[in-house]
>>> print(open('model14.txt').read())   # compact mmCIF, N, CA and C atoms
# COMPACT_ATOMS: atom_id res chain seq x y z
N MET E 1 130.01 89.81 144.50
CA MET E 1 128.77 89.11 144.74
C MET E 1 127.90 89.22 143.48
N PRO E 2 127.35 88.11 142.96
CA PRO E 2 126.53 88.17 141.74
C PRO E 2 125.23 88.93 141.99
N LYS E 3 124.80 89.63 140.93
CA LYS E 3 123.54 90.38 141.03
C LYS E 3 122.38 89.41 141.05
N SER E 4 121.37 89.77 141.78
CA SER E 4 120.17 88.93 141.83
C SER E 4 119.42 89.05 140.51
N LYS E 5 118.55 88.06 140.27
CA LYS E 5 117.74 88.07 139.05
C LYS E 5 116.90 89.33 138.97
N LYS E 6 116.38 89.75 140.12
CA LYS E 6 115.56 90.96 140.17
C LYS E 6 116.38 92.18 139.78
N THR E 7 117.62 92.28 140.25
CA THR E 7 118.50 93.40 139.91
C THR E 7 118.81 93.41 138.42
N ARG E 8 119.08 92.21 137.86
CA ARG E 8 119.37 92.14 136.42
C ARG E 8 118.17 92.59 135.60
N LYS E 9 117.00 92.18 135.98
CA LYS E 9 115.80 92.61 135.27
C LYS E 9 115.64 94.12 135.37
N SER E 10 115.92 94.64 136.53
CA SER E 10 115.81 96.08 136.72
C SER E 10 116.78 96.83 135.80
N ALA E 11 118.00 96.34 135.68
CA ALA E 11 118.98 96.97 134.79
C ALA E 11 118.53 96.87 133.34
N ALA E 12 118.00 95.71 132.96
CA ALA E 12 117.50 95.53 131.59
C ALA E 12 116.31 96.45 131.32
N ALA E 13 115.45 96.57 132.31
CA ALA E 13 114.28 97.46 132.16
C ALA E 13 114.73 98.90 132.00
N LYS E 14 115.75 99.30 132.76
CA LYS E 14 116.27 100.66 132.64
C LYS E 14 116.86 100.88 131.25
N LYS E 15 117.56 99.89 130.72
CA LYS E 15 118.15 100.00 129.39
C LYS E 15 117.05 100.16 128.34
N ARG E 16 115.98 99.36 128.46
CA ARG E 16 114.86 99.47 127.52
C ARG E 16 114.21 100.85 127.60
N THR E 17 114.06 101.36 128.81
CA THR E 17 113.47 102.68 129.00
C THR E 17 114.32 103.76 128.35
N ARG E 18 115.64 103.70 128.52
CA ARG E 18 116.53 104.68 127.87
C ARG E 18 116.41 104.58 126.35
N TRP E 19 116.33 103.35 125.82
CA TRP E 19 116.22 103.16 124.37
C TRP E 19 114.90 103.76 123.87
N ARG E 20 113.81 103.49 124.59
CA ARG E 20 112.50 104.04 124.17
C ARG E 20 112.51 105.56 124.19
N LYS E 21 113.13 106.14 125.21
CA LYS E 21 113.20 107.61 125.29
C LYS E 21 113.98 108.17 124.11
N ALA E 22 115.08 107.52 123.73
CA ALA E 22 115.87 107.98 122.58
C ALA E 22 115.05 107.88 121.31
N GLN E 23 114.27 106.81 121.16
CA GLN E 23 113.44 106.65 119.97
C GLN E 23 112.34 107.70 119.91
N ARG E 24 111.85 108.13 121.08
CA ARG E 24 110.73 109.08 121.11
C ARG E 24 111.15 110.53 121.07
N ARG E 25 112.43 110.83 121.04
CA ARG E 25 112.82 112.24 121.13
C ARG E 25 112.25 113.07 119.98
N ASN E 26 111.97 112.44 118.85
CA ASN E 26 111.36 113.15 117.72
C ASN E 26 109.90 112.77 117.55
N VAL E 27 109.29 112.25 118.61
CA VAL E 27 107.90 111.83 118.56
C VAL E 27 107.08 112.73 119.48
N HIS E 28 106.01 113.27 118.94
CA HIS E 28 105.09 114.11 119.71
C HIS E 28 104.12 113.19 120.45
N THR E 29 104.00 113.32 121.73
CA THR E 29 103.18 112.41 122.53
C THR E 29 102.01 113.11 123.21
N GLY E 30 101.52 114.16 122.64
CA GLY E 30 100.35 114.82 123.20
C GLY E 30 100.66 116.13 123.87
N GLU E 31 101.90 116.35 124.25
CA GLU E 31 102.26 117.62 124.87
C GLU E 31 102.86 118.54 123.80
N LEU E 32 102.82 119.83 124.07
CA LEU E 32 103.41 120.81 123.17
C LEU E 32 104.91 120.55 123.07
N LYS E 33 105.43 120.54 121.85
CA LYS E 33 106.86 120.30 121.66
C LYS E 33 107.34 121.16 120.51
N HIS E 34 108.50 121.74 120.66
CA HIS E 34 109.13 122.58 119.63
C HIS E 34 110.34 121.84 119.09
N PHE E 35 110.43 121.74 117.77
CA PHE E 35 111.54 121.04 117.12
C PHE E 35 112.34 122.01 116.28
N VAL E 36 113.62 121.76 116.15
CA VAL E 36 114.52 122.50 115.28
C VAL E 36 115.14 121.47 114.34
N TRP E 37 114.97 121.66 113.02
CA TRP E 37 115.42 120.65 112.06
C TRP E 37 116.88 120.25 112.25
N LYS E 38 117.74 121.22 112.54
CA LYS E 38 119.17 120.88 112.67
C LYS E 38 119.44 119.93 113.83
N ASP E 39 118.50 119.83 114.77
CA ASP E 39 118.64 118.94 115.91
C ASP E 39 117.96 117.58 115.71
N VAL E 40 117.23 117.43 114.61
CA VAL E 40 116.53 116.17 114.33
C VAL E 40 117.48 115.22 113.62
N GLN E 41 117.50 113.97 114.07
CA GLN E 41 118.41 112.97 113.50
C GLN E 41 118.27 112.89 111.98
N LEU E 42 119.40 112.93 111.30
CA LEU E 42 119.46 112.80 109.85
C LEU E 42 119.80 111.34 109.53
N GLU E 43 118.93 110.71 108.78
CA GLU E 43 119.10 109.30 108.43
C GLU E 43 119.54 109.21 106.97
N ASN E 44 120.71 108.63 106.74
CA ASN E 44 121.20 108.40 105.39
C ASN E 44 120.69 107.05 104.92
N LEU E 45 119.69 107.06 104.05
CA LEU E 45 119.08 105.81 103.60
C LEU E 45 119.90 105.13 102.52
N ASN E 46 120.48 105.92 101.65
CA ASN E 46 121.42 105.45 100.63
C ASN E 46 122.22 106.68 100.20
N PRO E 47 123.23 106.53 99.35
CA PRO E 47 124.07 107.69 99.00
C PRO E 47 123.32 108.87 98.38
N LEU E 48 122.11 108.64 97.87
CA LEU E 48 121.36 109.71 97.21
C LEU E 48 120.14 110.19 97.99
N LEU E 49 119.88 109.59 99.14
CA LEU E 49 118.62 109.85 99.85
C LEU E 49 118.84 109.98 101.35
N GLN E 50 118.34 111.11 101.90
CA GLN E 50 118.41 111.37 103.34
C GLN E 50 117.02 111.70 103.85
N ARG E 51 116.82 111.46 105.16
CA ARG E 51 115.50 111.71 105.73
C ARG E 51 115.62 112.14 107.19
N GLN E 52 114.75 113.08 107.56
CA GLN E 52 114.53 113.45 108.95
C GLN E 52 113.02 113.34 109.16
N MET E 53 112.61 112.91 110.34
CA MET E 53 111.17 112.79 110.54
C MET E 53 110.76 113.12 111.96
N LEU E 54 109.56 113.68 112.04
CA LEU E 54 108.91 113.99 113.30
C LEU E 54 107.57 113.27 113.28
N VAL E 55 107.19 112.71 114.42
CA VAL E 55 105.97 111.91 114.47
C VAL E 55 105.04 112.44 115.54
N GLY E 56 103.81 112.72 115.13
CA GLY E 56 102.77 113.12 116.07
C GLY E 56 101.90 111.93 116.40
N GLN E 57 100.80 112.17 117.04
CA GLN E 57 99.90 111.08 117.40
C GLN E 57 99.24 110.48 116.15
N ASP E 58 98.89 111.31 115.17
CA ASP E 58 98.18 110.83 114.00
C ASP E 58 98.82 111.26 112.68
N VAL E 59 99.97 111.89 112.74
CA VAL E 59 100.58 112.43 111.52
C VAL E 59 102.10 112.36 111.62
N MET E 60 102.73 112.28 110.47
CA MET E 60 104.19 112.27 110.39
C MET E 60 104.62 113.36 109.41
N LEU E 61 105.68 114.09 109.78
CA LEU E 61 106.28 115.09 108.91
C LEU E 61 107.70 114.64 108.64
N ALA E 62 108.05 114.51 107.37
CA ALA E 62 109.40 114.07 107.00
C ALA E 62 110.03 115.09 106.07
N ARG E 63 111.27 115.40 106.33
CA ARG E 63 112.07 116.27 105.45
C ARG E 63 112.99 115.34 104.68
N ILE E 64 112.80 115.31 103.37
CA ILE E 64 113.50 114.34 102.51
C ILE E 64 114.48 115.09 101.61
N GLY E 65 115.73 114.66 101.62
CA GLY E 65 116.75 115.21 100.73
C GLY E 65 117.09 114.20 99.65
N LEU E 66 116.95 114.59 98.39
CA LEU E 66 117.22 113.70 97.26
C LEU E 66 118.25 114.35 96.36
N LYS E 67 119.34 113.65 96.10
CA LYS E 67 120.33 114.15 95.15
C LYS E 67 119.84 113.86 93.73
N LYS E 68 120.35 114.64 92.79
CA LYS E 68 119.96 114.47 91.39
C LYS E 68 120.15 113.01 90.97
N GLY E 69 119.12 112.46 90.34
CA GLY E 69 119.18 111.08 89.88
C GLY E 69 118.63 110.07 90.87
N CYS E 70 118.34 110.48 92.08
CA CYS E 70 117.77 109.57 93.08
C CYS E 70 116.40 109.11 92.59
N VAL E 71 116.15 107.81 92.69
CA VAL E 71 114.86 107.25 92.31
C VAL E 71 114.28 106.51 93.51
N VAL E 72 113.06 106.88 93.86
CA VAL E 72 112.29 106.12 94.85
C VAL E 72 111.40 105.20 94.03
N PRO E 73 111.63 103.87 94.13
CA PRO E 73 110.91 102.94 93.26
C PRO E 73 109.40 102.95 93.48
N LEU E 74 108.70 102.40 92.51
CA LEU E 74 107.25 102.30 92.58
C LEU E 74 106.84 101.59 93.87
N HIS E 75 105.94 102.21 94.60
CA HIS E 75 105.46 101.65 95.85
C HIS E 75 104.10 102.26 96.16
N SER E 76 103.43 101.70 97.13
CA SER E 76 102.18 102.29 97.63
C SER E 76 102.11 102.00 99.13
N HIS E 77 101.25 102.72 99.80
CA HIS E 77 101.06 102.56 101.24
C HIS E 77 99.67 103.03 101.59
N HIS E 78 99.20 102.60 102.74
CA HIS E 78 97.84 102.95 103.16
C HIS E 78 97.75 104.37 103.70
N ASN E 79 98.86 105.09 103.70
CA ASN E 79 98.91 106.44 104.25
C ASN E 79 98.58 107.47 103.17
N GLU E 80 97.81 108.47 103.54
CA GLU E 80 97.65 109.64 102.67
C GLU E 80 98.98 110.40 102.71
N GLN E 81 99.40 110.96 101.59
CA GLN E 81 100.69 111.66 101.51
C GLN E 81 100.49 113.02 100.86
N ILE E 82 101.09 114.04 101.46
CA ILE E 82 101.13 115.37 100.85
C ILE E 82 102.60 115.76 100.78
N SER E 83 103.09 116.05 99.58
CA SER E 83 104.50 116.41 99.38
C SER E 83 104.61 117.86 98.93
N TYR E 84 105.34 118.65 99.71
CA TYR E 84 105.59 120.06 99.41
C TYR E 84 107.06 120.20 99.07
N ILE E 85 107.36 120.69 97.88
CA ILE E 85 108.74 120.79 97.40
C ILE E 85 109.34 122.12 97.86
N LEU E 86 110.38 122.01 98.70
CA LEU E 86 111.07 123.19 99.20
C LEU E 86 112.16 123.66 98.25
N GLN E 87 112.76 122.70 97.55
CA GLN E 87 113.89 123.01 96.66
C GLN E 87 113.93 121.95 95.57
N GLY E 88 114.22 122.37 94.35
CA GLY E 88 114.43 121.43 93.26
C GLY E 88 113.17 121.05 92.50
N VAL E 89 113.28 119.91 91.78
CA VAL E 89 112.18 119.40 90.97
C VAL E 89 112.14 117.89 91.14
N LEU E 90 110.96 117.37 91.48
CA LEU E 90 110.76 115.93 91.57
C LEU E 90 109.76 115.50 90.51
N ARG E 91 110.11 114.44 89.80
CA ARG E 91 109.18 113.87 88.82
C ARG E 91 108.47 112.68 89.48
N PHE E 92 107.15 112.77 89.53
CA PHE E 92 106.32 111.71 90.10
C PHE E 92 105.62 110.96 88.96
N TRP E 93 105.53 109.67 89.10
CA TRP E 93 104.68 108.84 88.25
C TRP E 93 103.57 108.34 89.16
N VAL E 94 102.36 108.85 88.93
CA VAL E 94 101.22 108.54 89.79
C VAL E 94 99.99 108.32 88.93
N ASP E 95 99.30 107.22 89.15
CA ASP E 95 98.02 106.98 88.48
C ASP E 95 98.13 107.12 86.96
N GLY E 96 99.22 106.61 86.40
CA GLY E 96 99.41 106.66 84.95
C GLY E 96 99.85 108.01 84.42
N LYS E 97 100.12 108.97 85.30
CA LYS E 97 100.53 110.31 84.87
C LYS E 97 101.96 110.58 85.31
N GLU E 98 102.67 111.36 84.51
CA GLU E 98 104.01 111.85 84.85
C GLU E 98 103.85 113.33 85.22
N ILE E 99 104.23 113.68 86.45
CA ILE E 99 104.00 115.04 86.95
C ILE E 99 105.30 115.59 87.52
N ASP E 100 105.77 116.72 86.99
CA ASP E 100 106.94 117.40 87.56
C ASP E 100 106.44 118.39 88.61
N VAL E 101 106.94 118.24 89.83
CA VAL E 101 106.54 119.11 90.94
C VAL E 101 107.75 119.93 91.33
N ARG E 102 107.61 121.24 91.24
CA ARG E 102 108.73 122.17 91.43
C ARG E 102 108.66 122.86 92.79
N GLU E 103 109.75 123.56 93.10
CA GLU E 103 109.84 124.34 94.34
C GLU E 103 108.58 125.18 94.52
N GLY E 104 107.98 125.09 95.71
CA GLY E 104 106.78 125.86 96.02
C GLY E 104 105.48 125.16 95.64
N GLU E 105 105.57 124.00 95.00
CA GLU E 105 104.38 123.27 94.59
C GLU E 105 104.12 122.09 95.52
N VAL E 106 102.88 121.60 95.50
CA VAL E 106 102.44 120.53 96.39
C VAL E 106 101.73 119.46 95.58
N LEU E 107 101.96 118.21 95.97
CA LEU E 107 101.26 117.07 95.36
C LEU E 107 100.59 116.28 96.47
N ALA E 108 99.30 116.01 96.34
CA ALA E 108 98.56 115.20 97.32
C ALA E 108 98.30 113.83 96.70
N ILE E 109 98.78 112.79 97.37
CA ILE E 109 98.65 111.41 96.87
C ILE E 109 97.70 110.65 97.80
N PRO E 110 96.60 110.15 97.27
CA PRO E 110 95.64 109.42 98.10
C PRO E 110 96.24 108.10 98.62
N PRO E 111 95.65 107.55 99.67
CA PRO E 111 96.12 106.25 100.18
C PRO E 111 96.06 105.17 99.09
N ARG E 112 97.01 104.24 99.17
CA ARG E 112 97.07 103.05 98.30
C ARG E 112 97.30 103.34 96.82
N MET E 113 97.67 104.55 96.46
CA MET E 113 97.92 104.87 95.06
C MET E 113 99.40 104.65 94.76
N PRO E 114 99.74 103.70 93.87
CA PRO E 114 101.14 103.46 93.53
C PRO E 114 101.80 104.70 92.94
N HIS E 115 103.04 104.96 93.35
CA HIS E 115 103.77 106.11 92.84
C HIS E 115 105.27 105.85 92.89
N LYS E 116 105.97 106.56 92.02
CA LYS E 116 107.43 106.49 91.89
C LYS E 116 107.92 107.93 91.79
N VAL E 117 109.16 108.18 92.22
CA VAL E 117 109.70 109.55 92.21
C VAL E 117 111.14 109.52 91.70
N GLU E 118 111.50 110.55 90.93
CA GLU E 118 112.89 110.76 90.53
C GLU E 118 113.25 112.22 90.74
N ALA E 119 114.42 112.46 91.33
CA ALA E 119 114.91 113.83 91.52
C ALA E 119 115.58 114.29 90.23
N LEU E 120 115.01 115.29 89.58
CA LEU E 120 115.58 115.82 88.34
C LEU E 120 116.75 116.76 88.63
N GLU E 121 116.80 117.26 89.86
CA GLU E 121 117.93 118.04 90.36
C GLU E 121 117.95 117.84 91.87
N GLU E 122 118.99 118.32 92.52
CA GLU E 122 119.03 118.18 93.98
C GLU E 122 117.77 118.81 94.56
N SER E 123 117.07 118.06 95.42
CA SER E 123 115.75 118.48 95.88
C SER E 123 115.56 118.21 97.36
N VAL E 124 114.66 119.00 97.95
CA VAL E 124 114.24 118.80 99.34
C VAL E 124 112.72 118.90 99.35
N SER E 125 112.08 117.92 99.97
CA SER E 125 110.62 117.98 100.10
C SER E 125 110.23 117.77 101.55
N LEU E 126 109.08 118.33 101.91
CA LEU E 126 108.45 118.04 103.18
C LEU E 126 107.27 117.14 102.87
N ASP E 127 107.29 115.95 103.40
CA ASP E 127 106.22 114.99 103.16
C ASP E 127 105.43 114.79 104.45
N ILE E 128 104.12 114.85 104.32
CA ILE E 128 103.22 114.67 105.45
C ILE E 128 102.46 113.37 105.21
N PHE E 129 102.40 112.53 106.23
CA PHE E 129 101.70 111.25 106.12
C PHE E 129 100.68 111.13 107.25
N ASN E 130 99.50 110.65 106.87
CA ASN E 130 98.48 110.32 107.86
C ASN E 130 97.92 108.95 107.50
N PRO E 131 97.98 107.99 108.41
CA PRO E 131 98.70 107.98 109.68
C PRO E 131 100.22 107.91 109.45
N PRO E 132 101.02 107.99 110.52
CA PRO E 132 102.47 107.88 110.37
C PRO E 132 102.87 106.57 109.69
N ARG E 133 103.99 106.60 108.98
CA ARG E 133 104.50 105.43 108.26
C ARG E 133 105.19 104.47 109.24
N THR E 134 104.53 103.40 109.59
CA THR E 134 105.13 102.43 110.52
C THR E 134 106.34 101.75 109.90
N ASP E 135 106.35 101.56 108.57
CA ASP E 135 107.52 100.93 107.93
C ASP E 135 108.76 101.81 108.08
N TRP E 136 108.58 103.12 108.13
CA TRP E 136 109.71 104.02 108.35
C TRP E 136 110.14 103.96 109.82
N LEU E 137 109.18 103.89 110.71
CA LEU E 137 109.50 103.88 112.14
C LEU E 137 110.21 102.59 112.56
N ASN E 138 109.80 101.47 111.99
CA ASN E 138 110.44 100.21 112.38
C ASN E 138 111.56 99.79 111.42
N LYS E 139 111.91 100.69 110.49
CA LYS E 139 113.05 100.50 109.57
C LYS E 139 112.86 99.30 108.63
N SER E 140 111.61 98.98 108.26
CA SER E 140 111.36 97.90 107.32
C SER E 140 111.15 98.44 105.90
N ASP E 141 111.68 99.62 105.63
CA ASP E 141 111.54 100.31 104.34
C ASP E 141 112.75 100.04 103.45
N GLN E 142 113.06 98.77 103.22
CA GLN E 142 114.25 98.35 102.49
C GLN E 142 114.28 98.95 101.08
N TYR E 143 113.13 99.16 100.47
CA TYR E 143 113.08 99.71 99.11
C TYR E 143 113.74 101.09 99.02
N LEU E 144 113.84 101.80 100.15
CA LEU E 144 114.51 103.12 100.16
C LEU E 144 115.98 103.02 100.47
N ARG E 145 116.41 101.89 101.00
CA ARG E 145 117.78 101.75 101.51
C ARG E 145 118.75 101.19 100.48
N GLU E 146 118.28 101.03 99.26
CA GLU E 146 119.15 100.57 98.18
C GLU E 146 119.30 101.71 97.18
N GLU E 147 120.52 101.94 96.72
CA GLU E 147 120.76 103.02 95.77
C GLU E 147 120.10 102.68 94.44
N LYS E 148 119.36 103.60 93.90
CA LYS E 148 118.68 103.43 92.60
C LYS E 148 119.19 104.46 91.62
>>> encode(input="model14.txt", output="structure tokens")
Amino acid sequence: MPKSKKTRKSAAAKKRTRWRKAQRRNVHTGELKHFVWKDVQLENLNPLLQRQMLVGQDVMLARIGLKKGCVVPLHSHHNEQISYILQGVLRFWVDGKEIDVREGEVLAIPPRMPHKVEALEESVSLDIFNPPRTDWLNKSDQYLREEK
């Protein structure tokens, strides 16, 4: 017997709900939540660049892995960015300056300031964005998905 239109809608609604829940598993929605990095989805953006991210109501925390030679092309965004280098050395070009940021150092980039990054050695950074990067969430960040 064919399913009724109402039943089909219900199945589709359930599928959308499951998809939304999967998308939100790394999203903080106002309740206390504990995350373990090894359990957070690792996104391979290109052969030299990987990313994990957690999203709060007003802030995003991203763990970025860059292999030596990885270049994040010149870009800007309306988000304030704070980058803390956990491992390695990243060379930033910001506001006409070339700045090498090493393990244990932090760089604060104001909103809308164009910047470019190159990994001088294998590096890991924790990047904080306020507000969260919607281009990362909706996967419209094509500039990161091409090997440079």
>>> closest_residue(input="model14.txt", among="E:Ala119, E:Tyr84, E:Phe92, E:His34", to="Leu107 of chain E", atoms="all atoms listed in the file")
E:Tyr84
>>> residues_near_point(input="model14.txt", point="(115.2, 112.8, 108.7)", cutoff="8 Å", atoms="only C-alpha atoms", output="VMD selection string")
chain E and resid 40 to 43 50 to 54 62 to 64
>>> atom_distance(input="model14.txt", atom1="atom N of Gln87 of chain E", atom2="atom N of Ile128 of chain E")
13.5 Å
>>> closest_residue(input="model14.txt", among="E:Thr134, E:Ser83, E:Gln142, E:Ser76", to="Asp95 of chain E", atoms="only C-alpha atoms")
E:Ser76
>>> closest_residue(input="model14.txt", among="E:Gly88, E:Leu61, E:Asn46, E:Asp39", to="Ser123 of chain E", atoms="only N, CA and C atoms")
E:Gly88
>>> select_by_dssp(input="model14.txt", residues="segment 5-129 of chain E", states="strand (DSSP E)", output="PyMOL selection string")
chain E and resi 43-46+49-55+60-66+71-75+80-87+89-94+97-102+106-109+115-119+123-129
>>> residues_around(input="model14.txt", residues="His75 of chain E", least_positions_apart="2", cutoff="7 Å", atoms="all atoms listed in the file", output="ChimeraX atom specification")
/E:72-73,77,112-116
>>> closest_residue(input="model14.txt", among="E:Leu45, E:Gly96, E:Leu126, E:Leu32", to="Glu146 of chain E", atoms="only N, CA and C atoms")
E:Leu45
>>> decode(input="model14.txt", residues="segment 37-132 of chain E", atoms="C-alpha atoms", output="CSV table (one decimal), in the first residue's frame")
chain,number,residue,atom,x,y,z
E,37,TRP,CA,39.3,17.0,20.2
E,38,LYS,CA,39.8,13.4,19.1
E,39,ASP,CA,36.0,13.0,18.9
E,40,VAL,CA,35.5,16.2,16.8
E,41,GLN,CA,35.1,15.7,13.1
E,42,LEU,CA,38.4,16.3,11.2
E,43,GLU,CA,37.8,18.1,7.9
E,44,ASN,CA,40.5,17.7,5.2
E,45,LEU,CA,40.2,20.9,3.2
E,46,ASN,CA,43.1,20.2,0.9
E,47,PRO,CA,46.2,17.9,1.1
E,48,LEU,CA,48.0,20.5,3.3
E,49,LEU,CA,45.2,21.8,5.5
E,50,GLN,CA,42.9,20.2,8.1
E,51,ARG,CA,40.4,21.7,10.4
E,52,GLN,CA,38.2,20.8,13.4
E,53,MET,CA,35.7,23.3,14.8
E,54,LEU,CA,33.4,23.9,17.7
E,55,VAL,CA,30.7,26.5,17.6
E,56,GLY,CA,29.2,28.4,20.5
E,57,GLN,CA,26.4,30.9,20.4
E,58,ASP,CA,28.7,33.8,19.7
E,59,VAL,CA,32.1,32.3,19.2
E,60,MET,CA,33.9,29.6,17.2
E,61,LEU,CA,37.0,27.7,18.2
E,62,ALA,CA,38.9,26.0,15.3
E,63,ARG,CA,41.9,23.7,15.5
E,64,ILE,CA,43.8,24.1,12.3
E,65,GLY,CA,46.6,21.7,11.1
E,66,LEU,CA,48.9,23.1,8.4
E,67,LYS,CA,51.6,21.1,6.7
E,68,LYS,CA,54.9,22.9,5.8
E,69,GLY,CA,54.3,25.0,2.7
E,70,CYS,CA,50.5,25.4,3.2
E,71,VAL,CA,49.4,28.8,2.1
E,72,VAL,CA,46.0,30.3,3.1
E,73,PRO,CA,45.5,33.0,0.4
E,74,LEU,CA,44.9,36.7,1.2
E,75,HIS,CA,41.3,37.1,2.5
E,76,SER,CA,39.3,39.1,5.0
E,77,HIS,CA,36.2,38.5,7.0
E,78,HIS,CA,33.9,40.5,9.3
E,79,ASN,CA,34.9,38.2,12.2
E,80,GLU,CA,37.5,39.2,14.9
E,81,GLN,CA,40.2,36.4,14.9
E,82,ILE,CA,42.6,35.4,17.6
E,83,SER,CA,45.2,32.8,16.6
E,84,TYR,CA,47.2,30.9,19.2
E,85,ILE,CA,50.0,28.7,17.8
E,86,LEU,CA,50.3,25.3,19.5
E,87,GLN,CA,53.0,23.9,17.3
E,88,GLY,CA,55.2,25.2,14.6
E,89,VAL,CA,55.6,28.7,12.9
E,90,LEU,CA,53.1,30.5,10.8
E,91,ARG,CA,54.0,33.6,8.7
E,92,PHE,CA,51.2,36.1,8.6
E,93,TRP,CA,51.0,39.0,6.2
E,94,VAL,CA,48.7,41.5,7.9
E,95,ASP,CA,48.3,45.2,7.4
E,96,GLY,CA,51.4,45.5,5.3
E,97,LYS,CA,53.5,43.7,7.9
E,98,GLU,CA,55.1,40.2,7.7
E,99,ILE,CA,54.9,38.6,11.2
E,100,ASP,CA,56.2,35.1,12.2
E,101,VAL,CA,54.1,33.7,15.0
E,102,ARG,CA,55.7,30.8,16.8
E,103,GLU,CA,54.6,28.1,19.3
E,104,GLY,CA,53.1,29.7,22.4
E,105,GLU,CA,52.5,33.1,20.7
E,106,VAL,CA,49.2,34.7,19.8
E,107,LEU,CA,48.1,37.1,17.0
E,108,ALA,CA,44.9,39.1,17.2
E,109,ILE,CA,43.5,40.2,13.9
E,110,PRO,CA,40.7,42.8,13.8
E,111,PRO,CA,37.6,42.4,11.7
E,112,ARG,CA,37.9,43.1,8.0
E,113,MET,CA,41.7,43.2,8.0
E,114,PRO,CA,43.1,41.3,5.0
E,115,HIS,CA,45.6,38.6,5.9
E,116,LYS,CA,47.5,35.7,4.4
E,117,VAL,CA,49.3,32.8,6.1
E,118,GLU,CA,52.0,30.4,5.2
E,119,ALA,CA,53.2,27.4,7.3
E,120,LEU,CA,57.0,27.6,7.6
E,121,GLU,CA,56.9,24.2,9.2
E,122,GLU,CA,54.2,21.7,10.2
E,123,SER,CA,52.0,23.8,12.5
E,124,VAL,CA,48.8,23.6,14.6
E,125,SER,CA,46.9,26.7,15.7
E,126,LEU,CA,43.8,27.3,17.7
E,127,ASP,CA,41.8,30.1,16.0
E,128,ILE,CA,39.0,31.9,17.8
E,129,PHE,CA,36.4,33.8,15.8
E,130,ASN,CA,33.7,36.2,16.9
E,131,PRO,CA,31.1,35.8,15.5
E,132,PRO,CA,31.4,32.3,14.2
